[in-house]
>>> print(open('entry20.tsv').read())   # TSV, C-alpha atoms
chain	number	residue	atom	x	y	z
A	1	MET	CA	48.53	-12.87	34.49
A	2	ARG	CA	49.46	-11.39	31.12
A	3	ALA	CA	47.13	-9.19	29.08
A	4	LEU	CA	47.39	-7.74	25.58
A	5	ILE	CA	45.30	-4.64	24.77
A	6	THR	CA	44.70	-3.50	21.22
A	7	GLY	CA	43.62	0.13	21.04
A	8	ILE	CA	45.89	0.97	23.97
A	9	THR	CA	46.02	4.64	22.91
A	10	GLY	CA	42.25	5.11	23.20
A	11	GLN	CA	40.07	6.09	26.14
A	12	ASP	CA	39.16	2.55	27.19
A	13	GLY	CA	42.68	1.28	26.59
A	14	GLY	CA	44.06	3.74	29.12
A	15	HIS	CA	41.46	2.96	31.77
A	16	LEU	CA	41.91	-0.77	31.24
A	17	ALA	CA	45.71	-0.64	31.41
A	18	GLU	CA	45.44	1.20	34.72
A	19	LEU	CA	42.94	-1.34	36.09
A	20	LEU	CA	44.90	-4.42	35.04
A	21	HIS	CA	48.18	-3.03	36.37
A	22	ALA	CA	46.51	-2.39	39.72
A	23	LYS	CA	45.43	-6.03	39.74
A	24	GLY	CA	49.00	-7.23	39.18
A	25	TYR	CA	48.85	-8.02	35.47
A	26	GLN	CA	51.79	-7.73	33.11
A	27	VAL	CA	50.26	-5.45	30.49
A	28	PHE	CA	51.15	-5.34	26.80
A	29	GLY	CA	49.72	-2.78	24.38
A	30	LEU	CA	49.51	-2.90	20.59
A	31	ILE	CA	50.51	0.38	18.98
A	32	ARG	CA	50.35	1.18	15.29
A	33	GLY	CA	53.51	2.44	13.57
A	34	GLN	CA	56.95	3.20	14.88
A	35	ASN	CA	56.28	6.96	14.72
A	36	ASN	CA	52.86	6.90	16.36
A	37	ALA	CA	52.25	10.39	17.75
A	38	ARG	CA	50.62	8.95	20.87
A	39	ARG	CA	53.48	6.63	21.79
A	40	HIS	CA	55.19	9.10	24.12
A	41	LEU	CA	51.87	9.90	25.82
A	42	VAL	CA	51.25	6.22	26.57
A	43	GLU	CA	54.83	5.71	27.74
A	44	ALA	CA	54.60	8.73	30.04
A	45	GLU	CA	51.24	7.83	31.62
A	46	PHE	CA	51.64	4.04	31.65
A	47	PRO	CA	55.37	3.27	31.99
A	48	TYR	CA	54.49	-0.27	33.06
A	49	VAL	CA	52.95	-1.15	29.69
A	50	THR	CA	55.15	-3.02	27.20
A	51	LEU	CA	54.34	-1.64	23.76
A	52	LEU	CA	54.34	-3.93	20.74
A	53	GLU	CA	54.16	-2.55	17.21
A	54	GLY	CA	51.36	-3.92	15.08
A	55	ASP	CA	48.12	-3.17	13.27
A	56	VAL	CA	44.79	-4.97	13.31
A	57	THR	CA	44.74	-4.73	9.51
A	58	ASP	CA	48.09	-6.60	9.32
A	59	PRO	CA	47.57	-10.28	10.29
A	60	THR	CA	51.29	-11.06	10.43
A	61	SER	CA	51.98	-8.31	12.95
A	62	LEU	CA	49.10	-9.57	15.10
A	63	VAL	CA	50.47	-13.11	15.18
A	64	GLN	CA	53.87	-11.72	16.17
A	65	ALA	CA	52.31	-9.60	18.95
A	66	VAL	CA	50.30	-12.54	20.30
A	67	GLU	CA	53.34	-14.83	20.25
A	68	ALA	CA	55.50	-12.19	21.93
A	69	SER	CA	53.02	-11.41	24.72
A	70	GLN	CA	51.55	-14.90	25.25
A	71	PRO	CA	48.48	-13.30	26.82
A	72	ASP	CA	46.12	-15.00	29.22
A	73	GLU	CA	43.62	-12.31	28.22
A	74	LEU	CA	43.38	-10.28	25.01
A	75	TYR	CA	41.16	-7.21	24.98
A	76	ASN	CA	40.35	-6.11	21.43
A	77	LEU	CA	39.50	-2.42	21.75
A	78	ALA	CA	41.06	-1.26	18.47
A	79	ALA	CA	38.59	0.43	16.13
A	80	ILE	CA	37.75	3.55	14.20
A	81	SER	CA	35.18	4.45	16.79
A	82	HIS	CA	33.86	7.86	15.75
A	83	VAL	CA	30.46	7.46	14.10
A	84	GLY	CA	30.67	10.69	12.09
A	85	TYR	CA	34.11	9.78	10.74
A	86	SER	CA	32.80	6.38	9.62
A	87	PHE	CA	30.41	8.08	7.16
A	88	ARG	CA	33.36	9.91	5.59
A	89	ASN	CA	35.62	6.85	5.53
A	90	PRO	CA	33.38	3.75	5.34
A	91	SER	CA	35.91	1.46	3.63
A	92	LEU	CA	38.63	2.13	6.17
A	93	THR	CA	36.10	1.69	8.98
A	94	ALA	CA	35.14	-1.72	7.56
A	95	GLU	CA	38.78	-2.81	7.36
A	96	VAL	CA	39.74	-1.70	10.87
A	97	THR	CA	36.58	-2.00	12.94
A	98	GLY	CA	35.13	-5.02	11.14
A	99	LYS	CA	37.77	-7.17	9.50
A	100	GLY	CA	40.28	-6.22	12.17
A	101	VAL	CA	38.31	-8.37	14.64
A	102	LEU	CA	38.66	-11.37	12.34
A	103	ASN	CA	42.41	-10.78	12.12
A	104	VAL	CA	42.74	-10.67	15.91
A	105	LEU	CA	40.76	-13.88	16.40
A	106	GLU	CA	42.67	-15.65	13.65
A	107	ALA	CA	45.99	-14.56	15.17
A	108	VAL	CA	45.02	-16.19	18.47
A	109	ARG	CA	43.89	-19.34	16.68
A	110	VAL	CA	46.91	-19.80	14.40
A	111	ALA	CA	49.26	-19.10	17.30
A	112	HIS	CA	47.63	-22.16	18.93
A	113	LEU	CA	46.50	-20.12	21.91
A	114	GLY	CA	42.78	-20.56	21.28
A	115	ASN	CA	42.43	-22.86	24.27
A	116	THR	CA	44.48	-20.72	26.65
A	117	THR	CA	43.85	-17.08	25.69
A	118	LYS	CA	40.54	-15.45	26.57
A	119	VAL	CA	39.42	-12.79	24.09
A	120	TYR	CA	37.23	-9.77	24.81
A	121	GLN	CA	35.53	-8.13	21.82
A	122	ALA	CA	34.37	-4.55	22.22
A	123	SER	CA	30.90	-4.49	20.68
A	124	THR	CA	28.67	-1.42	20.83
A	125	SER	CA	25.15	-0.14	21.35
A	126	GLU	CA	25.36	1.45	17.88
A	127	MET	CA	24.57	-2.02	16.50
A	128	PHE	CA	20.96	-1.61	17.69
A	129	GLY	CA	20.18	1.51	15.69
A	130	GLY	CA	17.49	2.99	17.93
A	131	LEU	CA	14.56	2.59	15.50
A	132	ASP	CA	10.99	2.37	16.82
A	133	TYR	CA	10.28	-1.15	15.58
A	134	ASN	CA	13.07	-2.78	17.58
A	135	ARG	CA	13.18	-0.47	20.61
A	136	PRO	CA	12.25	-2.36	23.80
A	137	GLY	CA	10.60	-0.43	26.60
A	138	ARG	CA	13.15	-1.31	29.27
A	139	GLY	CA	16.10	-0.86	26.94
A	140	TYR	CA	18.12	-3.01	24.59
A	141	ASN	CA	19.43	-6.25	26.02
A	142	GLU	CA	21.53	-9.16	24.77
A	143	SER	CA	18.58	-10.61	22.80
A	144	SER	CA	17.42	-7.42	21.08
A	145	LEU	CA	17.36	-7.06	17.30
A	146	PHE	CA	20.15	-5.22	15.51
A	147	HIS	CA	19.71	-2.49	12.91
A	148	PRO	CA	22.92	-0.42	12.68
A	149	ARG	CA	22.55	3.09	11.25
A	150	SER	CA	26.15	3.95	10.36
A	151	PRO	CA	29.19	2.34	8.71
A	152	TYR	CA	30.66	2.13	12.21
A	153	GLY	CA	27.65	0.22	13.55
A	154	VAL	CA	27.67	-2.13	10.55
A	155	ALA	CA	31.39	-2.84	10.95
A	156	LYS	CA	30.96	-3.46	14.67
A	157	LEU	CA	28.11	-5.86	13.95
A	158	TYR	CA	30.38	-7.90	11.67
A	159	GLY	CA	32.96	-7.97	14.46
A	160	HIS	CA	30.33	-9.04	16.97
A	161	TRP	CA	29.07	-11.92	14.83
A	162	ILE	CA	32.51	-13.15	13.77
A	163	ALA	CA	33.49	-13.20	17.46
A	164	LYS	CA	30.45	-15.33	18.26
A	165	ASN	CA	31.28	-17.55	15.27
A	166	TYR	CA	34.81	-18.23	16.56
A	167	ARG	CA	33.40	-18.94	20.01
A	168	GLU	CA	31.06	-21.56	18.59
A	169	SER	CA	33.27	-22.95	15.80
A	170	TYR	CA	36.59	-23.30	17.62
A	171	ASP	CA	35.46	-23.51	21.25
A	172	MET	CA	37.41	-20.34	22.03
A	173	PHE	CA	36.70	-18.18	25.04
A	174	VAL	CA	35.42	-15.09	23.24
A	175	THR	CA	33.16	-12.76	25.18
A	176	CYS	CA	31.43	-9.69	23.73
A	177	GLY	CA	30.70	-6.56	25.73
A	178	ILE	CA	27.87	-4.55	24.20
A	179	LEU	CA	28.70	-1.23	25.81
A	180	PHE	CA	26.50	1.83	25.67
A	181	ASN	CA	28.03	5.30	25.57
A	182	HIS	CA	30.73	5.67	28.18
A	183	GLU	CA	32.77	8.82	28.58
A	184	GLY	CA	35.42	10.34	30.79
A	185	GLU	CA	38.45	12.58	31.06
A	186	ARG	CA	40.37	10.42	28.55
A	187	ARG	CA	37.71	10.79	25.85
A	188	GLY	CA	39.01	12.17	22.54
A	189	ALA	CA	38.20	15.78	21.71
A	190	GLU	CA	36.37	14.75	18.52
A	191	PHE	CA	33.55	13.13	20.53
A	192	VAL	CA	30.59	15.37	21.38
A	193	THR	CA	30.80	14.97	25.17
A	194	ARG	CA	34.47	15.96	25.37
A	195	LYS	CA	33.94	18.65	22.74
A	196	ILE	CA	31.30	20.13	25.05
A	197	THR	CA	33.28	19.92	28.29
A	198	ARG	CA	36.44	21.36	26.69
A	199	ALA	CA	34.43	24.21	25.20
A	200	VAL	CA	32.69	24.94	28.51
A	201	ALA	CA	36.04	25.10	30.29
A	202	ARG	CA	37.52	27.36	27.62
A	203	ILE	CA	34.46	29.63	27.60
A	204	LYS	CA	34.62	29.89	31.38
A	205	ASN	CA	38.28	30.87	31.18
A	206	GLY	CA	37.75	33.34	28.32
A	207	LEU	CA	39.61	31.30	25.70
A	208	GLN	CA	36.69	30.96	23.26
A	209	ASP	CA	33.22	32.45	22.91
A	210	HIS	CA	31.10	29.61	21.48
A	211	VAL	CA	30.99	25.95	20.45
A	212	GLU	CA	29.59	24.52	17.21
A	213	LEU	CA	27.49	21.36	17.46
A	214	GLY	CA	25.18	19.24	15.32
A	215	ASP	CA	21.86	17.80	16.52
A	216	LEU	CA	21.03	18.34	20.19
A	217	TRP	CA	17.93	16.12	20.41
A	218	PRO	CA	19.43	12.56	20.20
A	219	LYS	CA	19.34	10.71	23.50
A	220	ARG	CA	22.08	8.43	24.77
A	221	ASP	CA	22.66	6.13	27.72
A	222	TRP	CA	25.81	7.66	29.24
A	223	GLY	CA	28.13	6.21	31.88
A	224	TYR	CA	31.72	6.55	33.11
A	225	ALA	CA	34.41	4.67	31.18
A	226	GLY	CA	36.23	3.62	34.34
A	227	ASP	CA	33.16	1.70	35.52
A	228	TYR	CA	32.71	0.06	32.13
A	229	VAL	CA	36.26	-1.28	31.76
A	230	HIS	CA	35.80	-2.94	35.14
A	231	GLY	CA	32.82	-4.68	33.58
A	232	MET	CA	35.05	-5.86	30.72
A	233	TRP	CA	37.40	-7.46	33.23
A	234	GLN	CA	34.48	-9.07	35.07
A	235	MET	CA	33.28	-10.65	31.81
A	236	MET	CA	36.70	-12.25	31.33
A	237	GLN	CA	36.61	-13.73	34.85
A	238	HIS	CA	33.20	-15.31	34.25
A	239	GLY	CA	33.22	-19.09	33.91
A	240	GLU	CA	31.76	-19.13	30.39
A	241	PRO	CA	32.16	-16.75	27.44
A	242	ASP	CA	28.97	-14.82	26.80
A	243	ASP	CA	27.52	-11.49	25.67
A	244	PHE	CA	26.77	-8.73	28.18
A	245	VAL	CA	25.19	-5.29	27.89
A	246	LEU	CA	26.75	-2.56	30.04
A	247	ALA	CA	24.57	0.53	30.41
A	248	SER	CA	23.11	2.92	32.95
A	249	GLY	CA	19.46	2.22	32.11
A	250	GLU	CA	18.84	5.97	31.73
A	251	THR	CA	18.91	8.36	28.78
A	252	ARG	CA	19.82	12.02	28.46
A	253	SER	CA	19.80	14.16	25.33
A	254	VAL	CA	22.85	15.96	24.00
A	255	GLU	CA	21.10	19.16	25.08
A	256	GLN	CA	20.81	17.84	28.65
A	257	PHE	CA	24.51	16.97	28.67
A	258	LEU	CA	25.25	20.46	27.38
A	259	ALA	CA	23.10	22.14	30.03
A	260	SER	CA	24.63	20.07	32.81
A	261	ALA	CA	28.16	20.96	31.68
A	262	PHE	CA	27.42	24.69	31.68
A	263	GLU	CA	25.76	24.39	35.08
A	264	GLN	CA	29.05	23.06	36.46
A	265	VAL	CA	30.63	26.47	35.77
A	266	GLY	CA	27.67	28.53	36.95
A	267	ILE	CA	26.09	29.30	33.56
A	268	ASP	CA	22.34	28.61	33.52
A	269	ASP	CA	21.57	29.91	30.02
A	270	TRP	CA	23.89	28.19	27.54
A	271	THR	CA	22.12	29.35	24.37
A	272	PRO	CA	24.37	32.41	23.69
A	273	PHE	CA	27.39	30.12	23.57
A	274	VAL	CA	26.12	27.40	21.20
A	275	ARG	CA	25.74	27.46	17.42
A	276	GLN	CA	24.43	24.67	15.20
A	277	ASN	CA	26.66	23.75	12.26
A	278	PRO	CA	24.82	21.88	9.44
A	279	ALA	CA	28.13	20.31	8.41
A	280	LEU	CA	28.09	18.34	11.67
A	281	LEU	CA	24.73	16.68	10.95
A	282	ARG	CA	24.88	12.96	10.04
A	283	PRO	CA	23.22	11.31	7.02
A	284	ALA	CA	21.42	8.95	9.42
A	285	GLN	CA	20.98	9.68	13.12
A	286	VAL	CA	20.18	7.30	15.95
A	287	ASP	CA	17.31	8.85	17.89
A	288	ILE	CA	17.67	7.11	21.23
A	289	LEU	CA	19.85	4.42	22.78
A	290	LEU	CA	18.76	2.93	26.11
A	291	GLY	CA	20.39	-0.16	27.57
A	292	ASP	CA	19.20	-2.80	30.01
A	293	PRO	CA	22.18	-3.97	32.13
A	294	ALA	CA	20.15	-6.45	34.22
A	295	LYS	CA	22.10	-9.51	33.04
A	296	ALA	CA	25.51	-8.00	33.82
A	297	GLU	CA	24.28	-6.81	37.20
A	298	GLU	CA	22.81	-10.19	38.12
A	299	VAL	CA	25.38	-12.56	36.62
A	300	LEU	CA	28.59	-10.55	37.02
A	301	GLY	CA	27.65	-8.35	39.95
A	302	TRP	CA	28.59	-5.31	37.87
A	303	ARG	CA	27.76	-1.92	39.38
A	304	ARG	CA	28.31	1.69	38.31
A	305	GLU	CA	29.91	4.06	40.80
A	306	VAL	CA	29.65	7.32	38.83
A	307	ASP	CA	26.21	8.69	37.93
A	308	PHE	CA	25.40	11.10	35.08
A	309	THR	CA	25.97	14.30	37.06
A	310	GLY	CA	29.18	12.90	38.51
A	311	LEU	CA	30.39	12.02	35.01
A	312	VAL	CA	29.78	15.52	33.65
A	313	LYS	CA	31.34	17.14	36.71
A	314	ARG	CA	34.43	14.92	36.44
A	315	MET	CA	34.92	15.82	32.78
A	316	VAL	CA	34.34	19.56	33.23
A	317	ASN	CA	36.69	19.77	36.21
A	318	HIS	CA	39.38	17.92	34.27
A	319	ASP	CA	39.11	20.34	31.36
A	320	LEU	CA	38.99	23.35	33.66
A	321	ALA	CA	42.31	22.24	35.11
A	322	LEU	CA	43.78	21.86	31.62
A	323	THR	CA	42.62	25.29	30.46
A	324	GLN	CA	43.18	27.29	33.64
A	325	VAL	CA	44.59	30.72	32.85
A	326	PRO	CA	47.62	31.42	35.09
A	327	VAL	CA	47.23	34.42	37.38
A	328	ALA	CA	49.86	37.09	36.68
A	329	VAL	CA	52.13	37.86	39.62
A	330	ALA	CA	53.01	41.56	40.09
>>> encode(input="entry20.tsv", output="structure tokens")
Amino acid sequence: MRALITGITGQDGGHLAELLHAKGYQVFGLIRGQNNARRHLVEAEFPYVTLLEGDVTDPTSLVQAVEASQPDELYNLAAISHVGYSFRNPSLTAEVTGKGVLNVLEAVRVAHLGNTTKVYQASTSEMFGGLDYNRPGRGYNESSLFHPRSPYGVAKLYGHWIAKNYRESYDMFVTCGILFNHEGERRGAEFVTRKITRAVARIKNGLQDHVELGDLWPKRDWGYAGDYVHGMWQMMQHGEPDDFVLASGETRSVEQFLASAFEQVGIDDWTPFVRQNPALLRPAQVDILLGDPAKAEEVLGWRREVDFTGLVKRMVNHDLALTQVPVAVA
């Protein structure tokens, strides 16, 4: 089996490359620019991945990458995925996260691989928006109403609907994974969970004295990225292309994540180490995101192995190892 992953340099791309390689796939990864700063990191951690230069905003490069890799499965993970950044750069977010999906689908179609290449589109819980009027009691599922509250969510919703359109218009195998927040040791430092765990590790080791955060009250449905990429693969093995929600079915606030992270290093009162920075507040905030993974659990047999506490512990321990202060030898 041959697989092409866009967004290979991101958190999910790394977990997915590792999973597919373990299953015997020949893995190709799309990387943007010949001088991409992350190229050497990918090559060092995943020497078995064949890197192809391309960009989801450049249709010609996508066709070339698809023709070169001839993938049985294409996982489209490429996106500008930071919600806060999308408010500062909405046009670029639309081009990459939204129109980029169209370019990927069209590359598969014009390369005449629409009947042989399965496509996975990375949709997101941010499409729901978390407003009271469309918030189901058991959590958002595949039939819930959308009301995105950020340029990122709007762009992802375009990608989600154009993926469904290609599925229905061209009889292509295009499956959409509507994933709720999933984190891990490969999460970028700009995301709040990794920002917290890195800060906790550095505070514990005396490398900084506080962390600046925005709102602490929003609640999210958090899981481990390694479990969620396995769900992506399961969707591609399903007999028919469909939409699936992956979630834990539980919510925790940012404050609860923060408290749990500090608890991992023996600090019960985190308040002296946290400051709120108004510059980090968003123009529109999603109050709560709760997912209902019943369909994925029943149809795909998807299961999570890492719970919330295990996720936080995994991330804190990883960052403790990275920031450990060497002991001087006399």
>>> closest_atom_pairs(input="entry20.tsv", of="stretch 92-207 of chain A", to="stretch 83-87 of chain A", cutoff="6 Å", atoms="only C-alpha atoms", output="tab-separated table")
residue	atom	partner	partner_atom	distance
A:Thr93	CA	A:Ser86	CA	5.8
A:Pro151	CA	A:Ser86	CA	5.5
A:Tyr152	CA	A:Ser86	CA	5.4
>>> atom_distance(input="entry20.tsv", atom1="atom CA of A:Glu106", atom2="atom CA of A:Ile178")
21.3 Å
>>> closest_atom_pairs(input="entry20.tsv", of="stretch 86-130 of chain A", to="stretch 163-177 of chain A", cutoff="10 Å", atoms="only C-alpha atoms", output="tab-separated table")
residue	atom	partner	partner_atom	distance
A:Val101	CA	A:Ala163	CA	7.4
A:Leu102	CA	A:Ala163	CA	7.5
A:Val104	CA	A:Ala163	CA	9.7
A:Leu105	CA	A:Tyr166	CA	7.4
A:Glu106	CA	A:Tyr166	CA	8.8
A:Val108	CA	A:Met172	CA	9.4
A:Arg109	CA	A:Tyr170	CA	8.4
A:Leu113	CA	A:Met172	CA	9.1
A:Gly114	CA	A:Met172	CA	5.4
A:Asn115	CA	A:Met172	CA	6.0
A:Thr116	CA	A:Phe173	CA	8.3
A:Thr117	CA	A:Phe173	CA	7.3
A:Lys118	CA	A:Phe173	CA	5.0
A:Val119	CA	A:Val174	CA	4.7
A:Tyr120	CA	A:Thr175	CA	5.1
A:Gln121	CA	A:Cys176	CA	4.8
A:Ala122	CA	A:Gly177	CA	5.5
A:Ser123	CA	A:Gly177	CA	5.5
A:Thr124	CA	A:Gly177	CA	7.4
A:Ser125	CA	A:Gly177	CA	9.6
>>> atom_distance(input="entry20.tsv", atom1="atom CA of A:Val27", atom2="atom CA of A:Gly7")
12.8 Å
>>> atom_distance(input="entry20.tsv", atom1="atom CA of A:Leu213", atom2="atom CA of A:Met315")
17.9 Å
>>> residues_around(input="entry20.tsv", residues="A:His21", least_positions_apart="5", cutoff="10 Å", atoms="all atoms listed in the file", output="PyMOL selection string")
chain A and resi 2-3+16+26-27+46+48-49
>>> write_last_selection(input="entry20.tsv", atoms="C-alpha atoms", output="compact mmCIF listing (two decimals), in the frame of the given file")
# COMPACT_ATOMS: atom_id res chain seq x y z
CA ARG A 2 49.46 -11.39 31.12
CA ALA A 3 47.13 -9.19 29.08
CA LEU A 16 41.91 -0.77 31.24
CA GLN A 26 51.79 -7.73 33.11
CA VAL A 27 50.26 -5.45 30.49
CA PHE A 46 51.64 4.04 31.65
CA TYR A 48 54.49 -0.27 33.06
CA VAL A 49 52.95 -1.15 29.69
>>> closest_residue(input="entry20.tsv", among="A:Thr50, A:Thr57, A:Asn317, A:Gln34", to="A:Lys99", atoms="only C-alpha atoms")
A:Thr57
>>> closest_residue(input="entry20.tsv", among="A:His238, A:His210, A:Arg186, A:Arg275", to="A:His318", atoms="all atoms listed in the file")
A:Arg186
>>> residues_around(input="entry20.tsv", residues="stretch 307-310 of chain A", least_positions_apart="3", cutoff="10 Å", atoms="only C-alpha atoms", output="ChimeraX atom specification")
/A:221-224,248,250-252,257,260-261,264,304,313-316
>>> residues_near_point(input="entry20.tsv", point="(53.6, -3.7, 25.6)", cutoff="12 Å", atoms="all atoms listed in the file", output="ChimeraX atom specification")
/A:2-9,17,25-32,39,42-43,46-54,65-66,68-71
>>> closest_residue(input="entry20.tsv", among="A:Ala155, A:Val200, A:Leu179, A:Ala107", to="A:Leu74", atoms="all atoms listed in the file")
A:Ala107
>>> closest_residue(input="entry20.tsv", among="A:Ile203, A:Leu19, A:Val274, A:Val299", to="A:Ala259", atoms="only C-alpha atoms")
A:Val274
>>> residues_near_point(input="entry20.tsv", point="(30.1, -6.6, 31.8)", cutoff="10 Å", atoms="all atoms listed in the file", output="short mmCIF file (atom, residue, chain, number, x, y, z; two decimals) with C-alpha atoms, keeping the file's coordinate frame")
data_model
loop_
_atom_site.label_atom_id
_atom_site.label_comp_id
_atom_site.auth_asym_id
_atom_site.auth_seq_id
_atom_site.Cartn_x
_atom_site.Cartn_y
_atom_site.Cartn_z
CA THR A 175 33.16 -12.76 25.18
CA CYS A 176 31.43 -9.69 23.73
CA GLY A 177 30.70 -6.56 25.73
CA ILE A 178 27.87 -4.55 24.20
CA LEU A 179 28.70 -1.23 25.81
CA ASP A 227 33.16 1.70 35.52
CA TYR A 228 32.71 0.06 32.13
CA VAL A 229 36.26 -1.28 31.76
CA HIS A 230 35.80 -2.94 35.14
CA GLY A 231 32.82 -4.68 33.58
CA MET A 232 35.05 -5.86 30.72
CA TRP A 233 37.40 -7.46 33.23
CA GLN A 234 34.48 -9.07 35.07
CA MET A 235 33.28 -10.65 31.81
CA MET A 236 36.70 -12.25 31.33
CA HIS A 238 33.20 -15.31 34.25
CA ASP A 242 28.97 -14.82 26.80
CA ASP A 243 27.52 -11.49 25.67
CA PHE A 244 26.77 -8.73 28.18
CA VAL A 245 25.19 -5.29 27.89
CA LEU A 246 26.75 -2.56 30.04
CA ALA A 247 24.57 0.53 30.41
CA PRO A 293 22.18 -3.97 32.13
CA LYS A 295 22.10 -9.51 33.04
CA ALA A 296 25.51 -8.00 33.82
CA GLU A 297 24.28 -6.81 37.20
CA VAL A 299 25.38 -12.56 36.62
CA LEU A 300 28.59 -10.55 37.02
CA GLY A 301 27.65 -8.35 39.95
CA TRP A 302 28.59 -5.31 37.87
CA ARG A 303 27.76 -1.92 39.38
#
